[in-house]
Protein chains: 2
Amino acid sequence: MSTPPQADWAPPQLRKQRCELSRLIEPGDLLGPTAVAALGVARTHELIFSGRRPTSDEQQAVAAAALEAGLNTSRLTLAGGLERWRTRAEQANGERDLRVLHRLGGGLIVPEDDAWPAQLNDLYPATPLGLYFRGPAVTADADPQQNYQLALQRLPAPPRSIAVVGSREMTDYGGRAAFELAEQLAGHGVSILSGGAYGIDAAAHRGALHAEHDERGASPTCAVLAGGVDRFYPAGNERLLRAVTERGLLLSEMAPGSTPTRHRFLHRNRIIAALAAAVVVIEARWRSGALSTAHHGLGLGRAVGAFPGSVYSSSSSGCHRLLRDTPAELVTDAAEVLEMIVAGPGAEQPALQIPSTEPVTTPDRAADHLNDLDQRLYDALPAQRSTTAGKLCGVAGLPMPQVLAGMSRLERRGLASVADGRWRRER
Amino acid sequence: MSTPPQADWAPPQLRKQRCELSRLIEPGDLLGPTAVAALGVARTHELIFSGRRPTSDEQQAVAAAALEAGLNTSRLTLAGGLERWRTRAEQANGERDLRVLHRLGGGLIVPEDDAWPAQLNDLYPATPLGLYFRGPAVTADADPQQNYQLALQRLPAPPRSIAVVGSREMTDYGGRAAFELAEQLAGHGVSILSGGAYGIDAAAHRGALHAEHDERGASPTCAVLAGGVDRFYPAGNERLLRAVTERGLLLSEMAPGSTPTRHRFLHRNRIIAALAAAVVVIEARWRSGALSTAHHGLGLGRAVGAFPGSVYSSSSSGCHRLLRDTPAELVTDAAEVLEMIVAGPGAEQPALQIPSTEPVTTPDRAADHLNDLDQRLYDALPAQRSTTAGKLCGVAGLPMPQVLAGMSRLERRGLASVADGRWRRER
């Protein structure tokens, strides 16, 4: 690839170490990122793999960082963490993992890369240890650097990244809403983030891929998976997820080969929320993972919106719950979703705008904007017959000068006509 | 009727005078109620019908009251008002009007009656001059006092009065929602107020009449009309409106014989809002009279709610607009509507309560409420095979003591079983 790299990349050794740490430390094990923040990547890595006891300086540094991060330090000790992390030490092989990933068109972005999505740092101490990605498959002899260059271009960057999420059990209504919203947003250069699941997630990815994507955006869509990016999960979405790798990226904090477990799904949702400038829930049941993504978004200060639906649809009950119980905003189309971001505090970049969908209304009637007095006069005109100004005084309850002045205003607006001294309603 | 009257009633002369004033002064002509407040009913009446010029004391009193009410006093002078009101002086005949009404089972409630709904005074200076009502038709020789006694019992009294309003152009969804909401609320002793129109209004009245009405309430439903209560308007709702007179009341500020004009519809909406403890919009187009009722409600400090609907339904676009642009609350059932009132500042009376509709959810799974660590362990158990605690350490990334303690917790919850030292997932 001839484009000169414009970004700084972390040294290979550090990438390999983060890869191995991500194999050992489960999402939700907050002492992991805290130890890395306190001791650095290399020291934490060495400490785990050497099997040595932590020095009291190391213990104190991690305890202090944990305290500052608000963790329960009486339960989370470095010794306990090391014990947990070492249980998987044999499985860690950063060189192998990265080799596999590079061949699949992927890699691992780390916080030390310029390409690292800085918005993920809002999650601290739940910041992922790295972000695995997968783009289009490359030929065997391709330079892995090409993968990284592509990821740099395709990673979601706020404010041009919006999460569109929802239930697996979607209705036709929700599917249409997700598809059309994603299509319209992607058509304006927004990258659509979702979870790659059946239902609303899939409809959102499809809508984004269907859009004529505005090239200002990073990529039409990215799927954040709960397992490794080497496997297309769920299997029924394989074709869709493959299409996402072709024009966007699969993303995950999990090392390749990791299975998507329930525990990992729940933690995955925080990454979707953190990567997005806004989270939009299209359909969600009363209890739904999509609501957890929305709550993560609210906690991170992201704009959060939800689509309304029928009060009889259990697939909308979670959206309604969100709208009643949280500051989430009711949104009904792409323009309103973009308004949330433009109005939001993080809106530093040039405003994204979509002209608001013209509401379906009856056309303006000429009698729509009359003042109270003219409306009274217009109402006083008989529907069929003509009448005199004198009669209008009594019917409208107005004196002659006001009747004559008002009738002449109505005449100018084409709402009344006069002939032989008798007034008649027009239209 | 043997029940002794428990309320004081205004003297007949005053009722007749207010009746005549209401014939002369159009709704929206705010100088009318202001003059009555400043000069009293009898003096205002005498001033109009005598044809004399107002004294400077009278002019000053009305000007001061108008100023205090925030009216544009340079445009609204007592002389101008008298000129308007006198145009209809010949039409005024309080004795005739009241005689007609009494025969129809109706009458005129005035602010000087104990039965006057005091919540209408919140409208000042747009307070109606009186409130015409119509209940069940009486026999020719019946005592009109019976009508008044009935009105006293049936008039809406907050917090047990809720307006359910919406578009004429309703969908099946809106019709069902309005009917069911009104039915449930009326079943809990709430009186449903609406406008007697086609569409949502009619569905709400019907739902209320269909309920097994809890007798704590005044009447299941009242219809506030834009024309006189002597005519059933719109004609297509005659049977429905007749049914409302049988078990509830027709209400209007307009003297009998008055036609329901556009101008009067718009002013009528303020009365619906004022009489209600809460206003609920079921379906409304982008521009809809129901929205004006909701805005009146917000201005009066009433609780205001709106039902959500499909983003593709133009009949819900006004509801969504209301929910986005105003403090109106999203509500989806009768329980949530009642919550608005109970939570509201005017909630002095014993709380109204309906158990919230059980949300449609999948039943709790035993694995739903595991802590993070136990969830990791449960996720680590293979779906089919059994496994050893040693293997679980590596898969879950946890040391042996935590694995054993966690597996024993899962076993107690029936989520795992052990045989010959091998663990197996249950359920």
# chains A, B, ... in the order shown; residues from 1 in each chain; ligands from 1
$ residues_around --residues "stretch 84-98 of chain B" --least-positions-apart "3" --cutoff "9 Å" --atoms "only C-alpha atoms" --output "number ranges by chain"
A: 393-400, 402; B: 15-26, 32, 48-49, 51, 79-81, 101-103, 106-108, 255-257
$ write_last_selection --atoms "C-alpha atoms" --output "compact mmCIF listing (two decimals), in the first residue's frame"
# COMPACT_ATOMS: atom_id res chain seq x y z
CA CYS A 393 -73.13 41.69 13.50
CA GLY A 394 -75.67 39.69 15.45
CA VAL A 395 -74.33 36.24 14.59
CA ALA A 396 -70.68 37.08 15.26
CA GLY A 397 -71.47 39.39 18.17
CA LEU A 398 -69.48 42.26 16.70
CA PRO A 399 -70.35 45.87 15.89
CA MET A 400 -70.65 47.06 12.28
CA GLN A 402 -65.44 45.59 13.05
CA ARG B 15 -78.64 32.58 36.84
CA LYS B 16 -80.85 34.28 34.26
CA GLN B 17 -78.42 37.19 33.98
CA ARG B 18 -75.41 34.96 33.49
CA CYS B 19 -77.36 33.01 30.90
CA GLU B 20 -77.97 36.22 28.96
CA LEU B 21 -74.39 37.40 29.32
CA SER B 22 -73.18 34.08 27.93
CA ARG B 23 -75.34 34.68 24.87
CA LEU B 24 -73.71 38.06 24.20
CA ILE B 25 -70.08 37.47 25.03
CA GLU B 26 -68.15 35.08 22.81
CA GLY B 32 -66.38 40.00 29.33
CA ILE B 48 -75.29 46.27 28.59
CA PHE B 49 -79.07 46.11 28.41
CA GLY B 51 -77.78 51.03 26.66
CA ALA B 79 -66.88 51.03 25.58
CA GLY B 80 -65.64 48.71 22.83
CA GLY B 81 -66.83 45.66 24.74
CA LEU B 101 -82.87 23.59 29.05
CA HIS B 102 -84.81 22.47 32.10
CA ARG B 103 -87.21 20.59 29.89
CA GLY B 106 -80.39 20.44 31.68
CA GLY B 107 -79.61 23.80 33.21
CA LEU B 108 -76.88 26.32 33.83
CA ALA B 255 -76.06 29.09 25.26
CA PRO B 256 -78.63 26.68 23.78
CA GLY B 257 -78.95 26.93 20.03
$ residues_around --residues "A:Gly174" --least-positions-apart "2" --cutoff "7 Å" --atoms "only C-alpha atoms" --output "PDB file with C-alpha atoms, in the first residue's frame"
ATOM      1  CA  MET A 170     -38.107  -7.742  16.596  1.00  0.00           C
ATOM      2  CA  THR A 171     -41.358  -6.965  14.832  1.00  0.00           C
ATOM      3  CA  ASP A 172     -41.677  -5.963  11.167  1.00  0.00           C
ATOM      4  CA  ARG A 176     -38.155  -1.418   9.117  1.00  0.00           C
ATOM      5  CA  ALA A 177     -37.373   1.378  11.569  1.00  0.00           C
ATOM      6  CA  ALA A 178     -33.861   0.056  12.272  1.00  0.00           C
ATOM      7  CA  ILE A 200     -32.689  -5.165  15.304  1.00  0.00           C
ATOM      8  CA  ILE A 282     -35.321   0.773  18.254  1.00  0.00           C
ATOM      9  CA  GLU A 283     -37.179  -2.042  19.975  1.00  0.00           C
TER      10      GLU A 283
END
$ residues_around --residues "B:Trp9" --least-positions-apart "5" --cutoff "8 Å" --atoms "only C-alpha atoms" --output "PyMOL selection string"
chain B and resi 112-115
$ write_last_selection --atoms "N, CA, C and O atoms" --output "PDB file, in the first residue's frame"
ATOM      1  N   GLU B 112     -71.585  31.094  41.233  1.00  0.00           N
ATOM      2  CA  GLU B 112     -72.151  31.342  42.559  1.00  0.00           C
ATOM      3  C   GLU B 112     -72.804  30.097  43.145  1.00  0.00           C
ATOM      4  O   GLU B 112     -73.245  30.112  44.308  1.00  0.00           O
ATOM      5  N   ASP B 113     -72.905  29.007  42.379  1.00  0.00           N
ATOM      6  CA  ASP B 113     -73.425  27.750  42.913  1.00  0.00           C
ATOM      7  C   ASP B 113     -72.328  27.001  43.654  1.00  0.00           C
ATOM      8  O   ASP B 113     -71.166  27.013  43.232  1.00  0.00           O
ATOM      9  N   ASP B 114     -72.717  26.308  44.724  1.00  0.00           N
ATOM     10  CA  ASP B 114     -71.759  25.407  45.369  1.00  0.00           C
ATOM     11  C   ASP B 114     -71.283  24.338  44.387  1.00  0.00           C
ATOM     12  O   ASP B 114     -70.175  23.812  44.498  1.00  0.00           O
ATOM     13  N   ALA B 115     -72.153  23.997  43.437  1.00  0.00           N
ATOM     14  CA  ALA B 115     -71.827  22.920  42.500  1.00  0.00           C
ATOM     15  C   ALA B 115     -70.830  23.350  41.428  1.00  0.00           C
ATOM     16  O   ALA B 115     -70.323  22.522  40.678  1.00  0.00           O
TER      17      ALA B 115
END
$ residues_around --residues "A:Arg385" --least-positions-apart "4" --cutoff "10 Å" --atoms "only C-alpha atoms" --output "list in words"
Leu381, Arg422, Trp423, Arg424 and Arg425 of chain A
$ write_last_selection --atoms "C-alpha atoms" --output "PDB file, in the first residue's frame"
ATOM      1  CA  LEU A 381     -70.833  33.190   7.399  1.00  0.00           C
ATOM      2  CA  ARG A 422     -74.461  40.420   0.503  1.00  0.00           C
ATOM      3  CA  TRP A 423     -71.503  38.425   1.806  1.00  0.00           C
ATOM      4  CA  ARG A 424     -70.778  34.839   0.922  1.00  0.00           C
ATOM      5  CA  ARG A 425     -68.244  32.299   2.185  1.00  0.00           C
TER       6      ARG A 425
END
$ select_by_dssp --residues "stretch 171-277 of chain B" --states "strand (DSSP E or B)" --output "PyMOL selection string"
chain B and resi 191-194+221-224+249-252
